[in-house]
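The structure under discussion appears below in the form of structure tokens.
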Amino acid sequence: MTYFLAFNLKADMTGDPKKRFLSRLIFTFFGVILLLPFQSAASVNGAKADTLFRRTPGTVTPKGPYRPERTKKSDILYTRLDVQFDWVKQQVPASAILKFKSHFYPQNTLELDAKGFDIKGIALLDTVGDYGSLTTEEIAGKVKKKLEYTYDKRKIIVKLGQNYSRKDTLFIKIDYVARPNNVPRDKPDDSPSDKGLYFINADGMDEGKPRQIWTQGETEGSSCWFPTIDAPNQKFTQDFYITVDSTYKTLSNGLLIGQEEGKKGTRTDHWKQTLPHAPYLAMLAVGDFAVAKDMMPNGLELSYYVEPKYGADAHAIFGRTPEMMGFFSNIFGMEFPWEKYAQIAVRDFVAGAMENTTATVHEEGVQNDARSLVDGNSDAVIAHELAHHWFGDYVTAEEWGQLPLNESFANYSEYLWSEYNDGKYEADWGNLQEMKQYLAESETKQVPMIRYFYKDRENMFDSHSYAKGGRILHMLRSYVGDDAFFAALQYYLKTHAFGTAEIDDLRMSFEKITGQDLNWFFDQWFHRPGHPLLKIQQEYVAATGKVLLKIKQTQDTTATTVYRLPLKVDVWVSGKKSQYNVLLEKANQTLEFPAAKKPDLVLFDSDAQLLGVVEHEKTKVEMEFQYLNADRFLHQYEALSQLEGSLADSTVKNILVKAMDDPFWKLRQMAISNFGEYDGTGFADIEKVIQSRARLDPHPQVRSEAIITLASFGDNNSDSIYREALTDSSYQVVSVAIEKYLMGQPNDANEIAAEFENSPNDAIVTSVGNYYAGLAQPERFDWFLDKMKSMKPTEKYNFLQVFGKYLIKSKQDIQRKSIPVLEGLARENPSYFVRFGAFQALGLLTDIQGVSALRKDIRAKETEPKLKEMYSQFGDL
């Protein structure tokens, strides 16, 4: 589905700024790390797996009711919408024409999802006519009779007057007004932020924010703005007629095939999609956008909609999309299957991005100027949403409990693109971040990947469906081999084209291609919760010339399983490697390998593909050997991680010095960070190496890390480097350099701060804000408010931290002035994590009468589930 937005709550020079929201979040607030408390392993693993429950309609378990695929009484084949917008009332006057038929059994009613509408009337239409091309006057002439209906503000039951068989195709017209702000919220699955259609700055009073309208359909938001059967197992084609002020641009699914000027400065755009897709993928967007275009060799048009100030940067932001599309078309064995591809960035989006068919919506943070892209681009999310156009849009999970069929593939496509475009080491670094996301979530949540029993469909959008699913596919690729893996994907896509699938369809596709039974793989990875926990005891028996690995699976096998794990083991003896294929399939198992002498290193899972936790103790000497000889990023990363904190050992120190020259940037960065506050032997030479990295390293993360490390030495030897870095090509490096330069309180500190205080980059402004916070000048209060107002949500959270520092140091009159500002942010900001940051900043002012009660009221009235959970865990901090 949606690519969930996560955020960097503190400037983290080692982190990936484009991750999904995690169930377990790590927050830093004013330098304090806050962790959601974890349940014990026993409480996580104590419940039996969902697969033990009978999948019978009506079955209710502690995990929730059984969730079957939505029964198909009728099929929606086609939808025409004619929509207008009432900005004042934030409503959508509209009409919908639905073409439908009975699925198999005769029906005398049509049941439609429609949330919070005012229904004006429903009529049966003539079955003859191309309703996509008719005028509204011509459509009025097609009305055969009015139809009776019942409506409870959630579902319309249209009475058809007689039974119709699956051979009968019918058309009905529904006139209505959608009221997305008045959607009923009285069921457990209802999300308070799920409006389906959103008016942004509708009254135009929010200075600096554009007026926009956009939609978000997943999971069941589309029925908040048009009547449909809002289930992923429905597929229809569509014509959308969108009437707007002629100053605005529109975007929707399919192709723009007509524009007609209307009365009073309006225009109606006609968007047509001729290929069927699910209701949750229908979209529209309205606003003032600059549009840049690309063209594929086959004539397919690509377009990029951004705010006008980013128009010149649109190709820098999205310009790798054509190559991505060619790459995915090649490896999936199928050309991009849709009529066009557009991407649009909108304000206040409720997620990170959404793969609406032919028209992906991104949150505003994807927009950056070309210089910002030096520090990292949005390729991961761009690749994720593009890949959904095969996995999710073209072949759709039939029910939300089957969501990994959509999200695991999109997640793994991030890896595939990175592997192709950036190299295997970069892809494996991303792989490690995904693994950490899942393992963090698994400490409080272990559920099957495929969930037949659940309470809330929104809970499917977690690190299981995304991160764990991608890692499972990586293991499957490793097991069957590249040729079979991609051949099976091609077979799966072609077999279920424009249809739906469940997990067994994927399994059978792989079995068809490989000729193997793969029930064991799908059972343990997709149908059971958890992951393997392996404890390895290594022993060398000189008398027999063998090295033994005694392996114990320590996970709770009653809640999960004893895993069957085919993998490889490398044994290095006298500098020479021998590789062995092994199969783990017992709770306790001993592996034996020949070794003429004690091995230099035994490398378990030498392909570094296993999803799980491996405990295998090694000496420093073995870890040094591993770093120098392993050819996989994960093994080298592990080695450096284990060597951290051992600089007193001269051999370790020399390895880390060598690693500062590693070909891969992340390993260089790790090595440099180890020398923070170092004052041991060889300091002068080590400082020179790090100074060189600060000036000349090709990667901005390494240059930034080098500056941070140099500043930790507490001398003035690198002041000129900080000064020089103020002109670095990387905003990130400049922001770090400003902070470290101003920390030394140079004579020109005020001049430097003034030079950068209006930077277009929020991170740089935050660094200047940190300096101003230390001064706590009353006249800076308005500067803080002005800068915070225009920041993107992720940076606004970070800026709230330095604003909090400013308030702590300020007098009470300044603190009092901040209370209504922080209250407004904590109650009303569209980004829940900005609301959280403002709430925490208010927590610094509880000495002022009334603030504690105010925070209590804010917390009590919050409706966002994720933020309510955060408040319950550590909201009082």
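Here, A, B, ... name the chains of the structure tokens in the order displayed, residue numbers run from 1 inside each chain, and ligands are numbered from 1 in the same displayed order.
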(request) Could you give me, as a list in words, the residues within 10 Å of Glu622 of chain A, counting only C-alpha atoms and dropping anything in the same chain fewer than 2 positions from it? (result) Pro599, Asp600, Leu601, Val602, Leu603, Glu617, Lys618, Thr619, Lys620, Glu624, Phe625, Gln626, Tyr627, Leu628 and Ala639 of chain A
Please produce a file of those selected residues containing N, CA and C atoms, as an mmCIF file, in the first residue's frame.
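To be explicit, this is the file written out as out.cif:
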```
data_model
loop_
_atom_site.group_PDB
_atom_site.id
_atom_site.type_symbol
_atom_site.label_atom_id
_atom_site.label_comp_id
_atom_site.auth_asym_id
_atom_site.auth_seq_id
_atom_site.Cartn_x
_atom_site.Cartn_y
_atom_site.Cartn_z
ATOM 1 N N PRO A 599 40.423 -23.255 12.388
ATOM 2 C CA PRO A 599 40.093 -22.306 11.318
ATOM 3 C C PRO A 599 40.421 -20.865 11.693
ATOM 4 N N ASP A 600 40.753 -20.075 10.674
ATOM 5 C CA ASP A 600 40.877 -18.629 10.860
ATOM 6 C C ASP A 600 39.504 -18.030 11.175
ATOM 7 N N LEU A 601 38.481 -18.610 10.505
ATOM 8 C CA LEU A 601 37.132 -18.056 10.637
ATOM 9 C C LEU A 601 36.124 -19.074 10.133
ATOM 10 N N VAL A 602 35.000 -19.187 10.829
ATOM 11 C CA VAL A 602 33.845 -19.911 10.317
ATOM 12 C C VAL A 602 32.733 -18.892 10.147
ATOM 13 N N LEU A 603 32.256 -18.757 8.920
ATOM 14 C CA LEU A 603 31.256 -17.740 8.595
ATOM 15 C C LEU A 603 29.934 -18.427 8.316
ATOM 16 N N GLU A 617 29.641 -16.408 18.953
ATOM 17 C CA GLU A 617 30.746 -15.652 19.541
ATOM 18 C C GLU A 617 32.031 -15.872 18.752
ATOM 19 N N LYS A 618 32.747 -14.763 18.539
ATOM 20 C CA LYS A 618 34.027 -14.828 17.838
ATOM 21 C C LYS A 618 35.014 -13.937 18.559
ATOM 22 N N THR A 619 36.268 -14.271 18.422
ATOM 23 C CA THR A 619 37.318 -13.474 19.052
ATOM 24 C C THR A 619 37.591 -12.230 18.215
ATOM 25 N N LYS A 620 38.329 -11.290 18.797
ATOM 26 C CA LYS A 620 38.721 -10.099 18.054
ATOM 27 C C LYS A 620 39.549 -10.476 16.832
ATOM 28 N N GLU A 624 38.669 -9.450 13.066
ATOM 29 C CA GLU A 624 39.613 -8.755 12.184
ATOM 30 C C GLU A 624 39.753 -9.498 10.862
ATOM 31 N N PHE A 625 39.869 -10.830 10.944
ATOM 32 C CA PHE A 625 39.969 -11.650 9.736
ATOM 33 C C PHE A 625 38.688 -11.500 8.902
ATOM 34 N N GLN A 626 37.556 -11.494 9.599
ATOM 35 C CA GLN A 626 36.280 -11.388 8.894
ATOM 36 C C GLN A 626 36.181 -10.070 8.130
ATOM 37 N N TYR A 627 36.553 -8.974 8.776
ATOM 38 C CA TYR A 627 36.497 -7.689 8.072
ATOM 39 C C TYR A 627 37.405 -7.699 6.845
ATOM 40 N N LEU A 628 38.598 -8.246 6.986
ATOM 41 C CA LEU A 628 39.590 -8.186 5.905
ATOM 42 C C LEU A 628 39.295 -9.157 4.770
ATOM 43 N N ALA A 639 31.648 -7.214 11.645
ATOM 44 C CA ALA A 639 33.001 -7.236 12.200
ATOM 45 C C ALA A 639 33.372 -5.888 12.805
#
```
(message) Would you pick out the contacts of Gln636 of chain A at 12 Å or less, using only C-alpha atoms, so that residues sharing its chain but fewer than 4 positions from it are not included, and give the list as a PyMOL selection string?
(response) chain A and resi 425+428-429+603+606+608+622-632+640-643+655-656+659+662-664+666-668+670-671
Please produce a file of those selected residues containing N, CA, C and O atoms, as a tab-separated table (two decimals), in the first residue's frame.
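again.tsv written:
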```tsv
chain	number	residue	atom	x	y	z
A	425	TYR	N	26.55	-3.49	-2.13
A	425	TYR	CA	26.82	-3.04	-0.77
A	425	TYR	C	25.77	-2.03	-0.31
A	425	TYR	O	25.29	-2.07	0.82
A	428	ASP	N	22.58	-3.86	0.39
A	428	ASP	CA	22.65	-4.63	1.63
A	428	ASP	C	22.62	-3.73	2.86
A	428	ASP	O	22.15	-4.15	3.93
A	429	TRP	N	23.13	-2.52	2.74
A	429	TRP	CA	23.00	-1.56	3.84
A	429	TRP	C	21.51	-1.23	4.07
A	429	TRP	O	21.02	-1.22	5.20
A	603	LEU	N	32.26	-18.76	8.92
A	603	LEU	CA	31.26	-17.74	8.60
A	603	LEU	C	29.93	-18.43	8.32
A	603	LEU	O	29.73	-19.04	7.27
A	606	SER	N	26.99	-17.58	4.97
A	606	SER	CA	27.98	-16.76	4.28
A	606	SER	C	27.37	-15.91	3.17
A	606	SER	O	27.98	-14.92	2.75
A	608	ALA	N	24.72	-14.21	3.70
A	608	ALA	CA	24.11	-13.11	4.45
A	608	ALA	C	22.67	-12.86	4.00
A	608	ALA	O	22.26	-11.73	3.77
A	622	GLU	N	39.33	-13.18	15.08
A	622	GLU	CA	38.42	-13.70	14.05
A	622	GLU	C	37.65	-12.56	13.38
A	622	GLU	O	37.44	-12.56	12.17
A	623	MET	N	37.24	-11.56	14.18
A	623	MET	CA	36.51	-10.44	13.60
A	623	MET	C	37.41	-9.60	12.69
A	623	MET	O	36.98	-9.09	11.66
A	624	GLU	N	38.67	-9.45	13.07
A	624	GLU	CA	39.61	-8.76	12.18
A	624	GLU	C	39.75	-9.50	10.86
A	624	GLU	O	39.74	-8.90	9.78
A	625	PHE	N	39.87	-10.83	10.94
A	625	PHE	CA	39.97	-11.65	9.74
A	625	PHE	C	38.69	-11.50	8.90
A	625	PHE	O	38.74	-11.41	7.67
A	626	GLN	N	37.56	-11.49	9.60
A	626	GLN	CA	36.28	-11.39	8.89
A	626	GLN	C	36.18	-10.07	8.13
A	626	GLN	O	35.77	-10.05	6.97
A	627	TYR	N	36.55	-8.97	8.78
A	627	TYR	CA	36.50	-7.69	8.07
A	627	TYR	C	37.41	-7.70	6.85
A	627	TYR	O	37.04	-7.22	5.77
A	628	LEU	N	38.60	-8.25	6.99
A	628	LEU	CA	39.59	-8.19	5.90
A	628	LEU	C	39.29	-9.16	4.77
A	628	LEU	O	39.74	-8.94	3.64
A	629	ASN	N	38.53	-10.23	5.04
A	629	ASN	CA	38.38	-11.28	4.03
A	629	ASN	C	36.96	-11.52	3.55
A	629	ASN	O	36.78	-12.07	2.46
A	630	ALA	N	35.96	-11.15	4.33
A	630	ALA	CA	34.57	-11.38	3.89
A	630	ALA	C	34.26	-10.46	2.71
A	630	ALA	O	34.79	-9.36	2.60
A	631	ASP	N	33.39	-10.95	1.82
A	631	ASP	CA	33.06	-10.15	0.64
A	631	ASP	C	31.60	-9.70	0.64
A	631	ASP	O	31.07	-9.31	-0.40
A	632	ARG	N	30.95	-9.75	1.79
A	632	ARG	CA	29.57	-9.27	1.92
A	632	ARG	C	29.54	-8.11	2.91
A	632	ARG	O	30.19	-8.16	3.96
A	640	LEU	N	33.13	-4.81	12.07
A	640	LEU	CA	33.46	-3.49	12.61
A	640	LEU	C	32.63	-3.18	13.84
A	640	LEU	O	33.11	-2.56	14.80
A	641	SER	N	31.37	-3.58	13.82
A	641	SER	CA	30.50	-3.33	14.98
A	641	SER	C	31.04	-4.02	16.22
A	641	SER	O	31.03	-3.47	17.33
A	642	GLN	N	31.54	-5.25	16.07
A	642	GLN	CA	32.07	-6.01	17.20
A	642	GLN	C	33.41	-5.48	17.68
A	642	GLN	O	33.80	-5.70	18.83
A	643	LEU	N	34.12	-4.79	16.79
A	643	LEU	CA	35.42	-4.25	17.17
A	643	LEU	C	35.31	-2.87	17.82
A	643	LEU	O	36.30	-2.35	18.34
A	655	ILE	N	43.07	-1.85	12.35
A	655	ILE	CA	42.00	-2.27	11.45
A	655	ILE	C	41.04	-1.10	11.20
A	655	ILE	O	40.62	-0.85	10.06
A	656	LEU	N	40.69	-0.38	12.27
A	656	LEU	CA	39.76	0.74	12.12
A	656	LEU	C	40.38	1.88	11.33
A	656	LEU	O	39.69	2.57	10.57
A	659	ALA	N	40.02	0.81	7.88
A	659	ALA	CA	38.63	0.89	7.43
A	659	ALA	C	38.21	2.30	7.08
A	659	ALA	O	37.24	2.50	6.34
A	662	ASP	N	38.03	2.38	3.51
A	662	ASP	CA	37.25	1.31	2.87
A	662	ASP	C	36.55	1.83	1.62
A	662	ASP	O	36.13	3.00	1.56
A	663	PRO	N	36.40	0.99	0.58
A	663	PRO	CA	35.71	1.44	-0.63
A	663	PRO	C	34.25	1.85	-0.41
A	663	PRO	O	33.71	2.66	-1.17
A	664	PHE	N	33.59	1.30	0.65
A	664	PHE	CA	32.18	1.59	0.85
A	664	PHE	C	32.02	2.64	1.94
A	664	PHE	O	32.56	2.51	3.05
A	666	LYS	N	29.72	3.58	4.10
A	666	LYS	CA	29.18	3.29	5.43
A	666	LYS	C	30.25	2.71	6.34
A	666	LYS	O	30.31	3.03	7.53
A	667	LEU	N	31.11	1.87	5.80
A	667	LEU	CA	32.19	1.29	6.60
A	667	LEU	C	33.22	2.36	6.96
A	667	LEU	O	33.78	2.34	8.07
A	668	ARG	N	33.48	3.28	6.04
A	668	ARG	CA	34.38	4.40	6.38
A	668	ARG	C	33.77	5.23	7.51
A	668	ARG	O	34.46	5.62	8.47
A	670	MET	N	31.59	4.33	9.80
A	670	MET	CA	31.65	3.59	11.07
A	670	MET	C	33.04	3.68	11.70
A	670	MET	O	33.17	3.89	12.91
A	671	ALA	N	34.05	3.49	10.87
A	671	ALA	CA	35.42	3.52	11.39
A	671	ALA	C	35.75	4.89	11.97
A	671	ALA	O	36.33	5.00	13.07
```
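Each of A:Ser831, A:Ala559, A:Lys576, A:Arg80 was compared to Leu867 of chain A using only C-alpha atoms, and A:Ser831 turns out to be the nearest.
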(request) Compile the contact shell of Gly254 of chain A as a PyMOL selection string: residues with an atom at most 6 Å away, counting only C-alpha atoms, same-chain residues fewer than 4 positions apart removed. (result) chain A and resi 272-273+339
(request) From the DSSP assignment of the backbone, select every residue of segment 392-597 of chain A that is helix (DSSP H, G or I), and format the answer as a ChimeraX atom specification. (result) /A:400-402,404-421,424-442,457-460,464-480,482-495,503-514,519-526
(request) Can you check which residues of segment 515-752 of chain A DSSP gives as strand (DSSP E or B) on the backbone and send them as an NGL selection string? (result) :A and (533-541 or 546-553 or 565-573 or 576-584 or 588-594 or 601-604 or 613-616)
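By only C-alpha atoms, and with residues fewer than 2 positions from Asn716 of chain A along its chain excluded, the set lying at most 12 Å from it is Glu687, Leu710, Ala711, Ser712, Phe713, Gly714, Ser718, Asp719, Ser720, Ile721, Tyr722, Arg723, Lys740, Tyr741, Met743, Gly744, Gln745 and Pro746 of chain A.
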With all heavy atoms kept, could you save the residues just selected as a CSV table (one decimal), in the first residue's frame?
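Result written to out_16.csv:
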```csv
chain,number,residue,atom,x,y,z
A,687,GLU,N,44.2,12.0,13.4
A,687,GLU,CA,43.5,13.2,13.2
A,687,GLU,C,43.7,13.7,11.8
A,687,GLU,O,42.8,14.2,11.1
A,687,GLU,CB,44.0,14.3,14.2
A,687,GLU,CG,43.2,15.6,14.1
A,687,GLU,CD,43.6,16.6,15.2
A,687,GLU,OE1,44.8,16.8,15.4
A,687,GLU,OE2,42.7,17.3,15.7
A,710,LEU,N,36.0,15.2,14.6
A,710,LEU,CA,37.1,16.2,14.8
A,710,LEU,C,36.6,17.1,16.0
A,710,LEU,O,37.5,17.5,16.8
A,710,LEU,CB,37.3,17.0,13.6
A,710,LEU,CG,38.0,16.2,12.4
A,710,LEU,CD1,38.0,17.1,11.2
A,710,LEU,CD2,39.5,15.8,12.8
A,711,ALA,N,35.4,17.5,16.0
A,711,ALA,CA,34.9,18.4,17.0
A,711,ALA,C,35.0,17.8,18.4
A,711,ALA,O,35.1,18.5,19.4
A,711,ALA,CB,33.5,18.9,16.7
A,712,SER,N,34.9,16.4,18.5
A,712,SER,CA,35.0,15.8,19.8
A,712,SER,C,36.4,15.8,20.4
A,712,SER,O,36.5,15.5,21.6
A,712,SER,CB,34.5,14.3,19.6
A,712,SER,OG,35.5,13.5,19.0
A,713,PHE,N,37.4,16.1,19.6
A,713,PHE,CA,38.7,16.1,20.1
A,713,PHE,C,39.0,17.3,21.1
A,713,PHE,O,39.9,17.3,21.8
A,713,PHE,CB,39.8,16.2,19.0
A,713,PHE,CG,39.7,14.9,18.2
A,713,PHE,CD1,40.2,14.9,16.8
A,713,PHE,CD2,39.3,13.7,18.7
A,713,PHE,CE1,40.2,13.8,16.1
A,713,PHE,CE2,39.2,12.6,17.9
A,713,PHE,CZ,39.7,12.6,16.6
A,714,GLY,N,38.2,18.4,20.9
A,714,GLY,CA,38.3,19.5,21.9
A,714,GLY,C,39.5,20.4,21.6
A,714,GLY,O,39.8,21.3,22.5
A,718,SER,N,41.1,21.9,13.9
A,718,SER,CA,40.2,21.7,12.7
A,718,SER,C,39.3,22.9,12.5
A,718,SER,O,38.4,22.8,11.7
A,718,SER,CB,39.4,20.4,12.9
A,718,SER,OG,40.3,19.3,13.0
A,719,ASP,N,39.5,24.0,13.2
A,719,ASP,CA,38.7,25.2,13.0
A,719,ASP,C,38.6,25.6,11.5
A,719,ASP,O,37.5,26.0,11.0
A,719,ASP,CB,39.1,26.4,13.8
A,719,ASP,CG,38.8,26.1,15.3
A,719,ASP,OD1,38.2,25.1,15.6
A,719,ASP,OD2,39.2,27.0,16.1
A,720,SER,N,39.7,25.6,10.9
A,720,SER,CA,39.8,26.0,9.4
A,720,SER,C,39.0,25.0,8.6
A,720,SER,O,38.4,25.4,7.5
A,720,SER,CB,41.2,26.0,8.9
A,720,SER,OG,41.8,24.8,9.0
A,721,ILE,N,38.9,23.7,9.0
A,721,ILE,CA,38.1,22.8,8.2
A,721,ILE,C,36.6,23.0,8.4
A,721,ILE,O,35.9,23.0,7.4
A,721,ILE,CB,38.5,21.3,8.7
A,721,ILE,CG1,39.9,21.0,8.3
A,721,ILE,CG2,37.5,20.3,8.1
A,721,ILE,CD1,40.4,19.6,8.8
A,722,TYR,N,36.2,23.4,9.6
A,722,TYR,CA,34.8,23.7,9.8
A,722,TYR,C,34.4,25.0,8.9
A,722,TYR,O,33.4,25.0,8.3
A,722,TYR,CB,34.5,24.1,11.2
A,722,TYR,CG,34.9,23.0,12.2
A,722,TYR,CD1,35.3,23.4,13.5
A,722,TYR,CD2,35.0,21.7,11.9
A,722,TYR,CE1,35.8,22.5,14.5
A,722,TYR,CE2,35.5,20.8,12.9
A,722,TYR,CZ,35.9,21.2,14.1
A,722,TYR,OH,36.3,20.3,15.0
A,723,ARG,N,35.3,25.9,8.9
A,723,ARG,CA,35.1,27.2,8.2
A,723,ARG,C,35.0,26.9,6.7
A,723,ARG,O,34.2,27.4,6.0
A,723,ARG,CB,36.2,28.2,8.4
A,723,ARG,CG,36.0,29.6,8.0
A,723,ARG,CD,34.9,30.2,8.8
A,723,ARG,NE,34.8,31.6,8.6
A,723,ARG,CZ,34.2,32.2,7.5
A,723,ARG,NH1,33.6,31.4,6.6
A,723,ARG,NH2,34.1,33.5,7.4
A,740,LYS,N,29.3,23.0,14.6
A,740,LYS,CA,30.6,22.8,15.2
A,740,LYS,C,31.4,24.1,15.2
A,740,LYS,O,32.2,24.4,16.2
A,740,LYS,CB,31.4,21.7,14.5
A,740,LYS,CG,30.6,20.3,14.5
A,740,LYS,CD,30.1,19.9,15.9
A,740,LYS,CE,29.4,18.6,15.9
A,740,LYS,NZ,28.7,18.3,17.2
A,741,TYR,N,31.3,24.9,14.2
A,741,TYR,CA,32.0,26.1,14.1
A,741,TYR,C,31.5,27.1,15.1
A,741,TYR,O,32.3,27.7,15.9
A,741,TYR,CB,31.9,26.7,12.7
A,741,TYR,CG,32.7,28.0,12.5
A,741,TYR,CD1,34.1,27.9,12.5
A,741,TYR,CD2,32.1,29.2,12.4
A,741,TYR,CE1,34.9,29.1,12.3
A,741,TYR,CE2,32.9,30.4,12.2
A,741,TYR,CZ,34.3,30.3,12.2
A,741,TYR,OH,35.0,31.4,12.0
A,743,MET,N,30.0,26.4,17.8
A,743,MET,CA,30.2,25.9,19.1
A,743,MET,C,31.5,26.5,19.7
A,743,MET,O,31.6,26.7,20.9
A,743,MET,CB,30.3,24.4,19.1
A,743,MET,CG,30.5,23.7,20.4
A,743,MET,SD,30.8,21.9,20.2
A,743,MET,CE,29.3,21.4,19.3
A,744,GLY,N,32.5,26.8,18.9
A,744,GLY,CA,33.8,27.3,19.3
A,744,GLY,C,33.7,28.8,19.6
A,744,GLY,O,34.7,29.4,20.0
A,745,GLN,N,32.5,29.4,19.4
A,745,GLN,CA,32.3,30.8,19.7
A,745,GLN,C,33.4,31.7,19.1
A,745,GLN,O,34.1,32.5,19.7
A,745,GLN,CB,32.3,31.1,21.2
A,745,GLN,CG,31.1,30.3,21.9
A,745,GLN,CD,31.1,30.6,23.4
A,745,GLN,OE1,32.1,31.0,24.0
A,745,GLN,NE2,29.9,30.5,24.0
A,746,PRO,N,33.6,31.6,17.8
A,746,PRO,CA,34.6,32.4,17.1
A,746,PRO,C,34.1,33.9,17.0
A,746,PRO,O,32.9,34.2,17.3
A,746,PRO,CB,34.6,31.8,15.7
A,746,PRO,CG,33.2,31.3,15.5
A,746,PRO,CD,32.8,30.7,16.8
```
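Closest to Leu634 of chain A among A:Leu432, A:Ile450, A:Ala380, A:Leu565 is A:Leu432, based on only C-alpha atoms.
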Per residue of segment 77-127 of chain A within 8 Å of segment 165-184 of chain A, record the nearest atom pair and its distance in Å to one decimal, counting only C-alpha atoms, with rows in chain order and ascending residue number, as JSON lines.
```
{"residue": "A:Gln90", "atom": "CA", "partner": "A:Arg179", "partner_atom": "CA", "distance": 7.0}
{"residue": "A:Gln91", "atom": "CA", "partner": "A:Arg179", "partner_atom": "CA", "distance": 4.8}
{"residue": "A:Val92", "atom": "CA", "partner": "A:Ala178", "partner_atom": "CA", "distance": 4.9}
{"residue": "A:Pro93", "atom": "CA", "partner": "A:Val177", "partner_atom": "CA", "distance": 4.3}
{"residue": "A:Ala94", "atom": "CA", "partner": "A:Tyr176", "partner_atom": "CA", "distance": 5.6}
{"residue": "A:Ser95", "atom": "CA", "partner": "A:Asp175", "partner_atom": "CA", "distance": 4.3}
{"residue": "A:Ala96", "atom": "CA", "partner": "A:Ile174", "partner_atom": "CA", "distance": 5.1}
{"residue": "A:Ile97", "atom": "CA", "partner": "A:Lys173", "partner_atom": "CA", "distance": 4.4}
{"residue": "A:Leu98", "atom": "CA", "partner": "A:Ile172", "partner_atom": "CA", "distance": 5.5}
{"residue": "A:Lys99", "atom": "CA", "partner": "A:Phe171", "partner_atom": "CA", "distance": 4.5}
{"residue": "A:Phe100", "atom": "CA", "partner": "A:Leu170", "partner_atom": "CA", "distance": 5.5}
{"residue": "A:Lys101", "atom": "CA", "partner": "A:Thr169", "partner_atom": "CA", "distance": 4.9}
{"residue": "A:Ser102", "atom": "CA", "partner": "A:Arg166", "partner_atom": "CA", "distance": 4.6}
{"residue": "A:His103", "atom": "CA", "partner": "A:Arg166", "partner_atom": "CA", "distance": 5.7}
{"residue": "A:Phe104", "atom": "CA", "partner": "A:Arg166", "partner_atom": "CA", "distance": 5.4}
{"residue": "A:Tyr105", "atom": "CA", "partner": "A:Ser165", "partner_atom": "CA", "distance": 6.6}
{"residue": "A:Pro106", "atom": "CA", "partner": "A:Ser165", "partner_atom": "CA", "distance": 4.3}
{"residue": "A:Gln107", "atom": "CA", "partner": "A:Ser165", "partner_atom": "CA", "distance": 6.7}
{"residue": "A:Lys115", "atom": "CA", "partner": "A:Val183", "partner_atom": "CA", "distance": 5.6}
{"residue": "A:Gly116", "atom": "CA", "partner": "A:Val183", "partner_atom": "CA", "distance": 4.6}
{"residue": "A:Phe117", "atom": "CA", "partner": "A:Ala178", "partner_atom": "CA", "distance": 4.7}
{"residue": "A:Asp118", "atom": "CA", "partner": "A:Val177", "partner_atom": "CA", "distance": 5.0}
{"residue": "A:Ile119", "atom": "CA", "partner": "A:Tyr176", "partner_atom": "CA", "distance": 4.4}
{"residue": "A:Lys120", "atom": "CA", "partner": "A:Tyr176", "partner_atom": "CA", "distance": 5.1}
{"residue": "A:Gly121", "atom": "CA", "partner": "A:Asp175", "partner_atom": "CA", "distance": 5.4}
{"residue": "A:Ile122", "atom": "CA", "partner": "A:Ile174", "partner_atom": "CA", "distance": 4.5}
{"residue": "A:Ala123", "atom": "CA", "partner": "A:Lys173", "partner_atom": "CA", "distance": 5.2}
{"residue": "A:Leu124", "atom": "CA", "partner": "A:Ile172", "partner_atom": "CA", "distance": 4.5}
{"residue": "A:Leu125", "atom": "CA", "partner": "A:Phe171", "partner_atom": "CA", "distance": 5.2}
{"residue": "A:Asp126", "atom": "CA", "partner": "A:Phe171", "partner_atom": "CA", "distance": 6.9}
{"residue": "A:Thr127", "atom": "CA", "partner": "A:Leu170", "partner_atom": "CA", "distance": 6.0}
```
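If you measure from each of A:Leu584, A:Val802, A:Ile672, A:Ala467 to Glu441 of chain A using only C-alpha atoms, the closest one turns out to be A:Ala467.
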